$ cat entry_25.pdb   # PDB, C-alpha atoms, pLDDT in the B column
ATOM      1  CA  ARG A  57      89.949  60.165 -37.406  1.00 54.00           C
ATOM      2  CA  ARG A  58      92.840  57.687 -37.679  1.00 60.00           C
ATOM      3  CA  CYS A  59      96.290  58.223 -36.260  1.00 56.00           C
ATOM      4  CA  LEU A  60      99.009  56.545 -38.327  1.00 60.00           C
ATOM      5  CA  VAL A  61     102.363  56.105 -36.654  1.00 64.00           C
ATOM      6  CA  ALA A  62     105.254  54.304 -38.293  1.00 79.00           C
ATOM      7  CA  ALA A  63     107.130  51.785 -36.198  1.00 86.00           C
ATOM      8  CA  GLU A  64     110.667  52.781 -35.279  1.00 89.00           C
ATOM      9  CA  SER A  65     111.829  49.185 -35.515  1.00 95.00           C
ATOM     10  CA  VAL A  66     110.686  45.657 -36.241  1.00 96.00           C
ATOM     11  CA  LEU A  67     111.392  42.623 -34.084  1.00 97.00           C
ATOM     12  CA  ALA A  68     111.314  39.456 -36.152  1.00 98.00           C
ATOM     13  CA  LEU A  69     110.398  36.741 -33.644  1.00 97.00           C
ATOM     14  CA  GLY A  70     111.383  33.222 -34.648  1.00 96.00           C
ATOM     15  CA  SER A  71     113.345  31.748 -37.526  1.00 96.00           C
ATOM     16  CA  CYS A  72     110.505  32.086 -40.025  1.00 96.00           C
ATOM     17  CA  ALA A  73     110.111  35.825 -39.414  1.00 97.00           C
ATOM     18  CA  SER A  74     113.870  36.352 -39.238  1.00 98.00           C
ATOM     19  CA  PHE A  75     115.109  34.330 -42.214  1.00 97.00           C
ATOM     20  CA  GLY A  76     112.172  32.472 -43.749  1.00 96.00           C
ATOM     21  CA  GLY A  77     112.719  29.298 -41.713  1.00 94.00           C
ATOM     22  CA  LEU A  78     111.374  25.978 -42.919  1.00 92.00           C
ATOM     23  CA  PRO A  79     108.770  27.597 -45.237  1.00 94.00           C
ATOM     24  CA  ALA A  80     111.635  29.171 -47.231  1.00 95.00           C
ATOM     25  CA  ALA A  81     113.420  25.842 -47.767  1.00 94.00           C
ATOM     26  CA  ALA A  82     114.005  24.736 -51.327  1.00 95.00           C
ATOM     27  CA  PRO A  83     112.068  24.603 -53.526  1.00 96.00           C
ATOM     28  CA  ASN A  84     110.132  27.326 -51.622  1.00 96.00           C
ATOM     29  CA  PRO A  85     106.969  27.188 -53.754  1.00 95.00           C
ATOM     30  CA  THR A  86     105.303  29.940 -51.699  1.00 95.00           C
ATOM     31  CA  GLY A  87     108.174  32.412 -51.985  1.00 96.00           C
ATOM     32  CA  ALA A  88     108.502  32.582 -48.185  1.00 96.00           C
ATOM     33  CA  MET A  89     111.175  34.925 -46.849  1.00 97.00           C
ATOM     34  CA  GLY A  90     112.168  36.719 -43.703  1.00 97.00           C
ATOM     35  CA  ILE A  91     111.305  40.307 -42.909  1.00 97.00           C
ATOM     36  CA  GLY A  92     114.808  41.524 -43.805  1.00 97.00           C
ATOM     37  CA  GLU A  93     114.418  40.144 -47.321  1.00 97.00           C
ATOM     38  CA  LEU A  94     110.963  41.721 -47.585  1.00 96.00           C
ATOM     39  CA  MET A  95     112.559  45.053 -46.671  1.00 96.00           C
ATOM     40  CA  ALA A  96     115.447  44.531 -49.108  1.00 97.00           C
ATOM     41  CA  GLN A  97     112.990  43.861 -51.945  1.00 96.00           C
ATOM     42  CA  GLY A  98     110.958  46.953 -51.082  1.00 95.00           C
ATOM     43  CA  LEU A  99     107.875  44.914 -50.223  1.00 95.00           C
ATOM     44  CA  VAL A 100     107.610  46.411 -46.726  1.00 92.00           C
ATOM     45  CA  PRO A 101     109.028  49.695 -45.410  1.00 93.00           C
ATOM     46  CA  ARG A 102     112.611  49.624 -44.175  1.00 94.00           C
ATOM     47  CA  ARG A 103     112.977  49.923 -40.429  1.00 94.00           C
ATOM     48  CA  MET A 104     115.604  49.011 -37.903  1.00 96.00           C
ATOM     49  CA  LEU A 105     115.388  45.210 -37.814  1.00 98.00           C
ATOM     50  CA  ILE A 106     116.135  43.059 -34.797  1.00 98.00           C
ATOM     51  CA  ASN A 107     116.086  39.338 -35.594  1.00 98.00           C
ATOM     52  CA  LEU A 108     115.292  36.965 -32.717  1.00 97.00           C
ATOM     53  CA  PRO A 109     115.505  33.598 -34.506  1.00 97.00           C
ATOM     54  CA  GLY A 110     114.961  30.184 -33.015  1.00 92.00           C
ATOM     55  CA  CYS A 111     112.482  27.425 -33.546  1.00 89.00           C
ATOM     56  CA  PRO A 112     110.858  28.132 -31.227  1.00 87.00           C
ATOM     57  CA  PRO A 113     112.338  31.463 -30.140  1.00 90.00           C
ATOM     58  CA  ILE A 114     113.373  31.793 -26.498  1.00 90.00           C
ATOM     59  CA  PRO A 115     110.872  33.941 -24.549  1.00 90.00           C
ATOM     60  CA  GLU A 116     113.590  35.407 -22.293  1.00 91.00           C
ATOM     61  CA  VAL A 117     115.464  36.646 -25.356  1.00 94.00           C
ATOM     62  CA  LEU A 118     112.405  38.619 -26.453  1.00 95.00           C
ATOM     63  CA  GLY A 119     111.757  39.933 -22.947  1.00 95.00           C
ATOM     64  CA  ALA A 120     115.356  40.939 -22.312  1.00 96.00           C
ATOM     65  CA  THR A 121     115.684  42.608 -25.729  1.00 97.00           C
ATOM     66  CA  LEU A 122     112.586  44.710 -25.051  1.00 97.00           C
ATOM     67  CA  ALA A 123     113.698  45.444 -21.470  1.00 98.00           C
ATOM     68  CA  HIS A 124     117.069  46.649 -22.792  1.00 97.00           C
ATOM     69  CA  ARG A 125     115.283  48.995 -25.193  1.00 97.00           C
ATOM     70  CA  VAL A 126     113.157  50.425 -22.372  1.00 97.00           C
ATOM     71  CA  ALA A 127     115.996  50.681 -19.833  1.00 98.00           C
ATOM     72  CA  PHE A 128     118.696  52.115 -22.112  1.00 97.00           C
ATOM     73  CA  ASP A 129     116.614  53.803 -24.841  1.00 97.00           C
ATOM     74  CA  ARG A 130     118.304  51.632 -27.463  1.00 96.00           C
ATOM     75  CA  PHE A 131     118.408  48.024 -28.532  1.00 97.00           C
ATOM     76  CA  PRO A 132     121.353  45.798 -27.605  1.00 97.00           C
ATOM     77  CA  GLU A 133     124.327  45.648 -29.981  1.00 98.00           C
ATOM     78  CA  LEU A 134     123.520  43.481 -33.013  1.00 98.00           C
ATOM     79  CA  ASP A 135     125.619  41.000 -34.975  1.00 97.00           C
ATOM     80  CA  GLY A 136     125.886  40.815 -38.768  1.00 96.00           C
ATOM     81  CA  GLN A 137     122.520  39.022 -38.935  1.00 96.00           C
ATOM     82  CA  ASN A 138     120.780  41.735 -36.844  1.00 98.00           C
ATOM     83  CA  ARG A 139     120.620  39.435 -33.808  1.00 97.00           C
ATOM     84  CA  PRO A 140     121.448  40.757 -30.301  1.00 98.00           C
ATOM     85  CA  ARG A 141     125.071  39.771 -29.585  1.00 97.00           C
ATOM     86  CA  LEU A 142     124.136  39.245 -25.957  1.00 94.00           C
ATOM     87  CA  PHE A 143     122.187  36.126 -26.935  1.00 94.00           C
ATOM     88  CA  TYR A 144     123.563  35.195 -30.343  1.00 96.00           C
ATOM     89  CA  GLY A 145     127.219  36.181 -29.930  1.00 96.00           C
ATOM     90  CA  ALA A 146     128.410  32.733 -28.903  1.00 95.00           C
ATOM     91  CA  THR A 147     127.767  29.416 -30.565  1.00 95.00           C
ATOM     92  CA  VAL A 148     125.634  26.670 -29.111  1.00 94.00           C
ATOM     93  CA  HIS A 149     128.865  24.653 -28.985  1.00 95.00           C
ATOM     94  CA  ASP A 150     130.569  27.314 -26.832  1.00 95.00           C
ATOM     95  CA  ARG A 151     127.941  26.868 -24.114  1.00 91.00           C
ATOM     96  CA  CYS A 152     127.063  23.211 -24.697  1.00 93.00           C
ATOM     97  CA  PRO A 153     126.590  21.021 -21.612  1.00 92.00           C
ATOM     98  CA  ARG A 154     128.282  18.212 -23.612  1.00 94.00           C
ATOM     99  CA  ARG A 155     131.337  20.360 -24.434  1.00 95.00           C
ATOM    100  CA  GLY A 156     133.584  18.503 -21.990  1.00 96.00           C
ATOM    101  CA  HIS A 157     132.952  15.278 -23.890  1.00 97.00           C
ATOM    102  CA  PHE A 158     133.847  17.044 -27.142  1.00 97.00           C
ATOM    103  CA  GLU A 159     137.131  18.255 -25.604  1.00 97.00           C
ATOM    104  CA  ALA A 160     137.858  14.712 -24.361  1.00 97.00           C
ATOM    105  CA  GLY A 161     137.099  13.201 -27.789  1.00 97.00           C
ATOM    106  CA  ARG A 162     134.006  11.290 -26.634  1.00 97.00           C
ATOM    107  CA  PHE A 163     131.330  11.197 -29.344  1.00 97.00           C
ATOM    108  CA  ALA A 164     128.035   9.315 -29.480  1.00 97.00           C
ATOM    109  CA  GLY A 165     127.951   6.961 -32.457  1.00 96.00           C
ATOM    110  CA  SER A 166     124.183   6.519 -32.504  1.00 95.00           C
ATOM    111  CA  PHE A 167     121.221   7.923 -30.639  1.00 93.00           C
ATOM    112  CA  ASP A 168     120.883   4.846 -28.456  1.00 90.00           C
ATOM    113  CA  ASP A 169     124.465   3.782 -27.805  1.00 94.00           C
ATOM    114  CA  GLU A 170     126.248   3.906 -24.472  1.00 95.00           C
ATOM    115  CA  GLY A 171     127.875   7.245 -25.317  1.00 95.00           C
ATOM    116  CA  ALA A 172     124.545   8.895 -26.102  1.00 93.00           C
ATOM    117  CA  ARG A 173     123.102   7.629 -22.828  1.00 92.00           C
ATOM    118  CA  ALA A 174     126.182   8.961 -20.994  1.00 95.00           C
ATOM    119  CA  GLY A 175     125.717  12.452 -22.505  1.00 94.00           C
ATOM    120  CA  TRP A 176     128.634  12.357 -24.956  1.00 96.00           C
ATOM    121  CA  CYS A 177     129.033  14.922 -27.740  1.00 96.00           C
ATOM    122  CA  LEU A 178     126.524  14.675 -30.610  1.00 96.00           C
ATOM    123  CA  LEU A 179     128.755  16.189 -33.316  1.00 96.00           C
ATOM    124  CA  GLU A 180     129.068  12.919 -35.239  1.00 96.00           C
ATOM    125  CA  LEU A 181     125.275  12.621 -35.243  1.00 95.00           C
ATOM    126  CA  GLY A 182     124.881  15.864 -37.195  1.00 94.00           C
ATOM    127  CA  CYS A 183     125.048  18.491 -34.454  1.00 95.00           C
ATOM    128  CA  LYS A 184     125.257  22.026 -35.917  1.00 95.00           C
ATOM    129  CA  GLY A 185     126.219  23.595 -32.558  1.00 94.00           C
ATOM    130  CA  PRO A 186     129.717  24.697 -33.687  1.00 95.00           C
ATOM    131  CA  VAL A 187     128.240  26.871 -36.466  1.00 94.00           C
ATOM    132  CA  THR A 188     125.018  27.985 -34.784  1.00 95.00           C
ATOM    133  CA  HIS A 189     124.734  31.215 -32.801  1.00 95.00           C
ATOM    134  CA  ASN A 190     122.032  30.989 -30.150  1.00 93.00           C
ATOM    135  CA  ALA A 191     121.540  31.042 -26.396  1.00 88.00           C
ATOM    136  CA  CYS A 192     119.398  27.903 -26.159  1.00 86.00           C
ATOM    137  CA  THR A 193     122.028  25.996 -24.176  1.00 83.00           C
ATOM    138  CA  ALA A 194     122.387  28.918 -21.749  1.00 80.00           C
ATOM    139  CA  ARG A 195     118.743  30.077 -21.586  1.00 78.00           C
ATOM    140  CA  SER A 196     116.841  26.784 -21.621  1.00 71.00           C
ATOM    141  CA  TRP A 197     115.015  26.297 -24.890  1.00 66.00           C
ATOM    142  CA  ASN A 198     111.682  25.504 -23.249  1.00 65.00           C
ATOM    143  CA  GLY A 199     112.307  26.844 -19.751  1.00 68.00           C
ATOM    144  CA  VAL A 200     113.501  23.440 -18.559  1.00 76.00           C
ATOM    145  CA  SER A 201     116.271  22.190 -20.841  1.00 78.00           C
ATOM    146  CA  SER A 202     117.547  22.349 -24.402  1.00 80.00           C
ATOM    147  CA  PRO A 203     117.275  19.895 -27.297  1.00 82.00           C
ATOM    148  CA  ILE A 204     120.909  18.897 -26.701  1.00 83.00           C
ATOM    149  CA  GLU A 205     120.222  18.102 -23.058  1.00 84.00           C
ATOM    150  CA  THR A 206     117.405  15.803 -24.140  1.00 84.00           C
ATOM    151  CA  GLY A 207     119.657  13.915 -26.555  1.00 88.00           C
ATOM    152  CA  HIS A 208     118.977  15.686 -29.843  1.00 90.00           C
ATOM    153  CA  PRO A 209     121.751  17.431 -31.787  1.00 93.00           C
ATOM    154  CA  CYS A 210     121.449  21.123 -32.590  1.00 93.00           C
ATOM    155  CA  ILE A 211     119.795  21.611 -35.998  1.00 93.00           C
ATOM    156  CA  GLY A 212     121.041  25.176 -36.451  1.00 94.00           C
ATOM    157  CA  CYS A 213     117.572  26.731 -36.410  1.00 93.00           C
ATOM    158  CA  SER A 214     118.753  30.254 -35.585  1.00 94.00           C
ATOM    159  CA  GLU A 215     120.937  30.566 -38.692  1.00 95.00           C
ATOM    160  CA  PRO A 216     119.792  31.785 -42.119  1.00 94.00           C
ATOM    161  CA  GLY A 217     118.848  28.933 -44.454  1.00 91.00           C
ATOM    162  CA  PHE A 218     119.172  26.365 -41.685  1.00 88.00           C
ATOM    163  CA  TRP A 219     116.885  23.822 -43.287  1.00 87.00           C
ATOM    164  CA  ASP A 220     118.703  23.776 -46.632  1.00 88.00           C
ATOM    165  CA  ARG A 221     122.075  23.625 -44.870  1.00 79.00           C
ATOM    166  CA  GLY A 222     121.349  20.216 -43.336  1.00 69.00           C
ATOM    167  CA  GLY A 223     119.281  21.227 -40.303  1.00 60.00           C
TER
END

$ encode --input "entry_25.pdb" --output "structure tokens"
Amino acid sequence: RRCLVAAESVLALGSCASFGGLPAAAPNPTGAMGIGELMAQGLVPRRMLINLPGCPPIPEVLGATLAHRVAFDRFPELDGQNRPRLFYGATVHDRCPRRGHFEAGRFAGSFDDEGARAGWCLLELGCKGPVTHNACTARSWNGVSSPIETGHPCIGCSEPGFWDRGG
């Protein structure tokens, strides 16, 4: 005899599960979409949705979101994209280790110039940090650093449609 229990909620882990990610980029020949869109189209049952985007997602964000649910019998407060505000409430720019250079007007002009080697702001090299909500600069992207700390501008991977928006 089978026991069928419906999930109370769905955690979409990563940008692909949350918003479709790179597979959903134009022209999207496979029709890829995030779980929220699947729910909106009636293709999967509607449930409370918690999006934990990132490419890759940050393991501590998943662990802390689940721990919050266990400890407080509810999920953390969510933003308009169903992401926990605790981790996605501030922009990458807000917490950027290069923020002081931004404030001082020091911008790298290329990936190998003196400014880039000195850790200057990467905004002029396409950084999407000012419009990207994620904790990767506060919760180390890979447990050691973040893409920005290694000299790569933020590509905006935790935002809907990031690839088509110049990611």

$ residues_around --input "entry_25.pdb" --residues "Ser65 (chain A)" --least-positions-apart "2" --cutoff "7 Å" --atoms "all atoms listed in the file" --output "ChimeraX atom specification"
/A:63,67,103-105

$ atom_distance --input "entry_25.pdb" --atom1 "CA of Pro153 (chain A)" --atom2 "CA of Glu215 (chain A)"
20.4 Å

$ resolve_selection --input "entry_25.pdb" --expression "the PyMOL selection byres ((chain A and resi 89) around 12)" --output "PDB file with C-alpha atoms, keeping the file's coordinate frame"
ATOM      1  CA  ALA A  68     111.314  39.456 -36.152  1.00 98.00           C
ATOM      2  CA  SER A  71     113.345  31.748 -37.526  1.00 96.00           C
ATOM      3  CA  CYS A  72     110.505  32.086 -40.025  1.00 96.00           C
ATOM      4  CA  ALA A  73     110.111  35.825 -39.414  1.00 97.00           C
ATOM      5  CA  SER A  74     113.870  36.352 -39.238  1.00 98.00           C
ATOM      6  CA  PHE A  75     115.109  34.330 -42.214  1.00 97.00           C
ATOM      7  CA  GLY A  76     112.172  32.472 -43.749  1.00 96.00           C
ATOM      8  CA  GLY A  77     112.719  29.298 -41.713  1.00 94.00           C
ATOM      9  CA  LEU A  78     111.374  25.978 -42.919  1.00 92.00           C
ATOM     10  CA  PRO A  79     108.770  27.597 -45.237  1.00 94.00           C
ATOM     11  CA  ALA A  80     111.635  29.171 -47.231  1.00 95.00           C
ATOM     12  CA  ALA A  81     113.420  25.842 -47.767  1.00 94.00           C
ATOM     13  CA  ALA A  82     114.005  24.736 -51.327  1.00 95.00           C
ATOM     14  CA  ASN A  84     110.132  27.326 -51.622  1.00 96.00           C
ATOM     15  CA  PRO A  85     106.969  27.188 -53.754  1.00 95.00           C
ATOM     16  CA  THR A  86     105.303  29.940 -51.699  1.00 95.00           C
ATOM     17  CA  GLY A  87     108.174  32.412 -51.985  1.00 96.00           C
ATOM     18  CA  ALA A  88     108.502  32.582 -48.185  1.00 96.00           C
ATOM     19  CA  GLY A  90     112.168  36.719 -43.703  1.00 97.00           C
ATOM     20  CA  ILE A  91     111.305  40.307 -42.909  1.00 97.00           C
ATOM     21  CA  GLY A  92     114.808  41.524 -43.805  1.00 97.00           C
ATOM     22  CA  GLU A  93     114.418  40.144 -47.321  1.00 97.00           C
ATOM     23  CA  LEU A  94     110.963  41.721 -47.585  1.00 96.00           C
ATOM     24  CA  MET A  95     112.559  45.053 -46.671  1.00 96.00           C
ATOM     25  CA  ALA A  96     115.447  44.531 -49.108  1.00 97.00           C
ATOM     26  CA  GLN A  97     112.990  43.861 -51.945  1.00 96.00           C
ATOM     27  CA  LEU A  99     107.875  44.914 -50.223  1.00 95.00           C
ATOM     28  CA  PRO A 216     119.792  31.785 -42.119  1.00 94.00           C
ATOM     29  CA  GLY A 217     118.848  28.933 -44.454  1.00 91.00           C
TER      30      GLY A 217
END

$ residues_around --input "entry_25.pdb" --residues "Cys213 (chain A)" --least-positions-apart "6" --cutoff "10 Å" --atoms "only C-alpha atoms" --output "list of chain:residue names"
A:Gly70, A:Ser71, A:Cys72, A:Phe75, A:Gly77, A:Leu78, A:Pro109, A:Gly110, A:Cys111, A:Pro112, A:Pro113, A:Lys184, A:Gly185, A:Thr188, A:His189, A:Asn190, A:Trp219, A:Gly223

$ closest_residue --input "entry_25.pdb" --among "A:Phe143, A:Thr193, A:Ser201, A:Gln137" --to "Gly119 (chain A)" --atoms "only C-alpha atoms"
A:Phe143

$ atom_distance --input "entry_25.pdb" --atom1 "CA of Pro203 (chain A)" --atom2 "CA of Gly156 (chain A)"
17.2 Å

$ decode --input "entry_25.pdb" --residues "region 57-136 of chain A" --atoms "C-alpha atoms" --output "PDB file, in the first residue's frame"
ATOM      1  CA  ARG A  57       0.000   0.000   0.000  1.00  0.00           C
ATOM      2  CA  ARG A  58       1.371   3.423  -0.986  1.00  0.00           C
ATOM      3  CA  CYS A  59       1.223   6.514   1.165  1.00  0.00           C
ATOM      4  CA  LEU A  60       0.943   9.714  -0.876  1.00  0.00           C
ATOM      5  CA  VAL A  61       1.738  12.933   0.928  1.00  0.00           C
ATOM      6  CA  ALA A  62       1.777  16.297  -0.797  1.00  0.00           C
ATOM      7  CA  ALA A  63       4.711  18.565  -0.091  1.00  0.00           C
ATOM      8  CA  GLU A  64       3.891  21.666   1.923  1.00  0.00           C
ATOM      9  CA  SER A  65       6.450  23.690   0.002  1.00  0.00           C
ATOM     10  CA  VAL A  66       9.033  23.509  -2.751  1.00  0.00           C
ATOM     11  CA  LEU A  67      12.597  24.769  -2.516  1.00  0.00           C
ATOM     12  CA  ALA A  68      13.947  25.633  -5.943  1.00  0.00           C
ATOM     13  CA  LEU A  69      17.715  25.219  -5.580  1.00  0.00           C
ATOM     14  CA  GLY A  70      19.796  27.114  -8.119  1.00  0.00           C
ATOM     15  CA  SER A  71      19.001  29.595 -10.860  1.00  0.00           C
ATOM     16  CA  CYS A  72      17.730  26.962 -13.285  1.00  0.00           C
ATOM     17  CA  ALA A  73      15.153  25.615 -10.824  1.00  0.00           C
ATOM     18  CA  SER A  74      14.244  29.105  -9.624  1.00  0.00           C
ATOM     19  CA  PHE A  75      13.946  31.030 -12.892  1.00  0.00           C
ATOM     20  CA  GLY A  76      15.004  28.769 -15.756  1.00  0.00           C
ATOM     21  CA  GLY A  77      18.637  29.918 -15.727  1.00  0.00           C
ATOM     22  CA  LEU A  78      20.806  29.528 -18.798  1.00  0.00           C
ATOM     23  CA  PRO A  79      18.577  26.794 -20.326  1.00  0.00           C
ATOM     24  CA  ALA A  80      15.715  29.331 -20.498  1.00  0.00           C
ATOM     25  CA  ALA A  81      17.788  31.915 -22.389  1.00  0.00           C
ATOM     26  CA  ALA A  82      16.521  33.029 -25.763  1.00  0.00           C
ATOM     27  CA  PRO A  83      15.658  31.362 -28.018  1.00  0.00           C
ATOM     28  CA  ASN A  84      14.884  28.674 -25.378  1.00  0.00           C
ATOM     29  CA  PRO A  85      14.257  25.818 -27.832  1.00  0.00           C
ATOM     30  CA  THR A  86      13.505  23.372 -24.998  1.00  0.00           C
ATOM     31  CA  GLY A  87      10.911  25.561 -23.291  1.00  0.00           C
ATOM     32  CA  ALA A  88      12.923  25.540 -20.046  1.00  0.00           C
ATOM     33  CA  MET A  89      11.403  27.444 -17.133  1.00  0.00           C
ATOM     34  CA  GLY A  90      11.633  27.718 -13.395  1.00  0.00           C
ATOM     35  CA  ILE A  91       9.357  25.941 -10.964  1.00  0.00           C
ATOM     36  CA  GLY A  92       7.315  29.096 -10.309  1.00  0.00           C
ATOM     37  CA  GLU A  93       6.445  29.332 -13.998  1.00  0.00           C
ATOM     38  CA  LEU A  94       5.572  25.627 -14.056  1.00  0.00           C
ATOM     39  CA  MET A  95       3.185  26.280 -11.165  1.00  0.00           C
ATOM     40  CA  ALA A  96       1.739  29.388 -12.838  1.00  0.00           C
ATOM     41  CA  GLN A  97       1.018  27.399 -16.010  1.00  0.00           C
ATOM     42  CA  GLY A  98      -0.638  24.609 -14.033  1.00  0.00           C
ATOM     43  CA  LEU A  99       1.974  22.064 -15.082  1.00  0.00           C
ATOM     44  CA  VAL A 100       2.842  21.168 -11.478  1.00  0.00           C
ATOM     45  CA  PRO A 101       0.754  21.629  -8.324  1.00  0.00           C
ATOM     46  CA  ARG A 102       0.964  25.012  -6.628  1.00  0.00           C
ATOM     47  CA  ARG A 103       2.835  25.001  -3.348  1.00  0.00           C
ATOM     48  CA  MET A 104       4.615  27.567  -1.260  1.00  0.00           C
ATOM     49  CA  LEU A 105       7.742  28.284  -3.312  1.00  0.00           C
ATOM     50  CA  ILE A 106      11.092  29.300  -1.886  1.00  0.00           C
ATOM     51  CA  ASN A 107      13.617  30.229  -4.579  1.00  0.00           C
ATOM     52  CA  LEU A 108      17.305  29.820  -3.705  1.00  0.00           C
ATOM     53  CA  PRO A 109      18.931  30.993  -6.955  1.00  0.00           C
ATOM     54  CA  GLY A 110      22.611  31.189  -7.724  1.00  0.00           C
ATOM     55  CA  CYS A 111      24.900  29.513 -10.172  1.00  0.00           C
ATOM     56  CA  PRO A 112      25.931  27.590  -8.234  1.00  0.00           C
ATOM     57  CA  PRO A 113      23.663  28.117  -5.227  1.00  0.00           C
ATOM     58  CA  ILE A 114      25.345  28.753  -1.878  1.00  0.00           C
ATOM     59  CA  PRO A 115      25.147  25.657   0.368  1.00  0.00           C
ATOM     60  CA  GLU A 116      24.852  27.747   3.557  1.00  0.00           C
ATOM     61  CA  VAL A 117      21.795  29.492   2.131  1.00  0.00           C
ATOM     62  CA  LEU A 118      20.060  26.137   1.695  1.00  0.00           C
ATOM     63  CA  GLY A 119      21.140  24.916   5.127  1.00  0.00           C
ATOM     64  CA  ALA A 120      20.138  28.096   6.928  1.00  0.00           C
ATOM     65  CA  THR A 121      16.773  28.269   5.136  1.00  0.00           C
ATOM     66  CA  LEU A 122      15.970  24.707   6.202  1.00  0.00           C
ATOM     67  CA  ALA A 123      17.281  25.322   9.738  1.00  0.00           C
ATOM     68  CA  HIS A 124      15.023  28.386  10.014  1.00  0.00           C
ATOM     69  CA  ARG A 125      12.036  26.271   8.983  1.00  0.00           C
ATOM     70  CA  VAL A 126      12.857  23.646  11.621  1.00  0.00           C
ATOM     71  CA  ALA A 127      13.677  26.128  14.401  1.00  0.00           C
ATOM     72  CA  PHE A 128      10.787  28.563  13.889  1.00  0.00           C
ATOM     73  CA  ASP A 129       8.183  26.348  12.171  1.00  0.00           C
ATOM     74  CA  ARG A 130       8.137  28.719   9.201  1.00  0.00           C
ATOM     75  CA  PHE A 131      10.390  29.789   6.380  1.00  0.00           C
ATOM     76  CA  PRO A 132      12.246  33.110   6.517  1.00  0.00           C
ATOM     77  CA  GLU A 133      10.524  36.204   5.114  1.00  0.00           C
ATOM     78  CA  LEU A 134      10.630  36.193   1.303  1.00  0.00           C
ATOM     79  CA  ASP A 135      11.151  38.983  -1.218  1.00  0.00           C
ATOM     80  CA  GLY A 136       9.060  39.582  -4.343  1.00  0.00           C
TER      81      GLY A 136
END
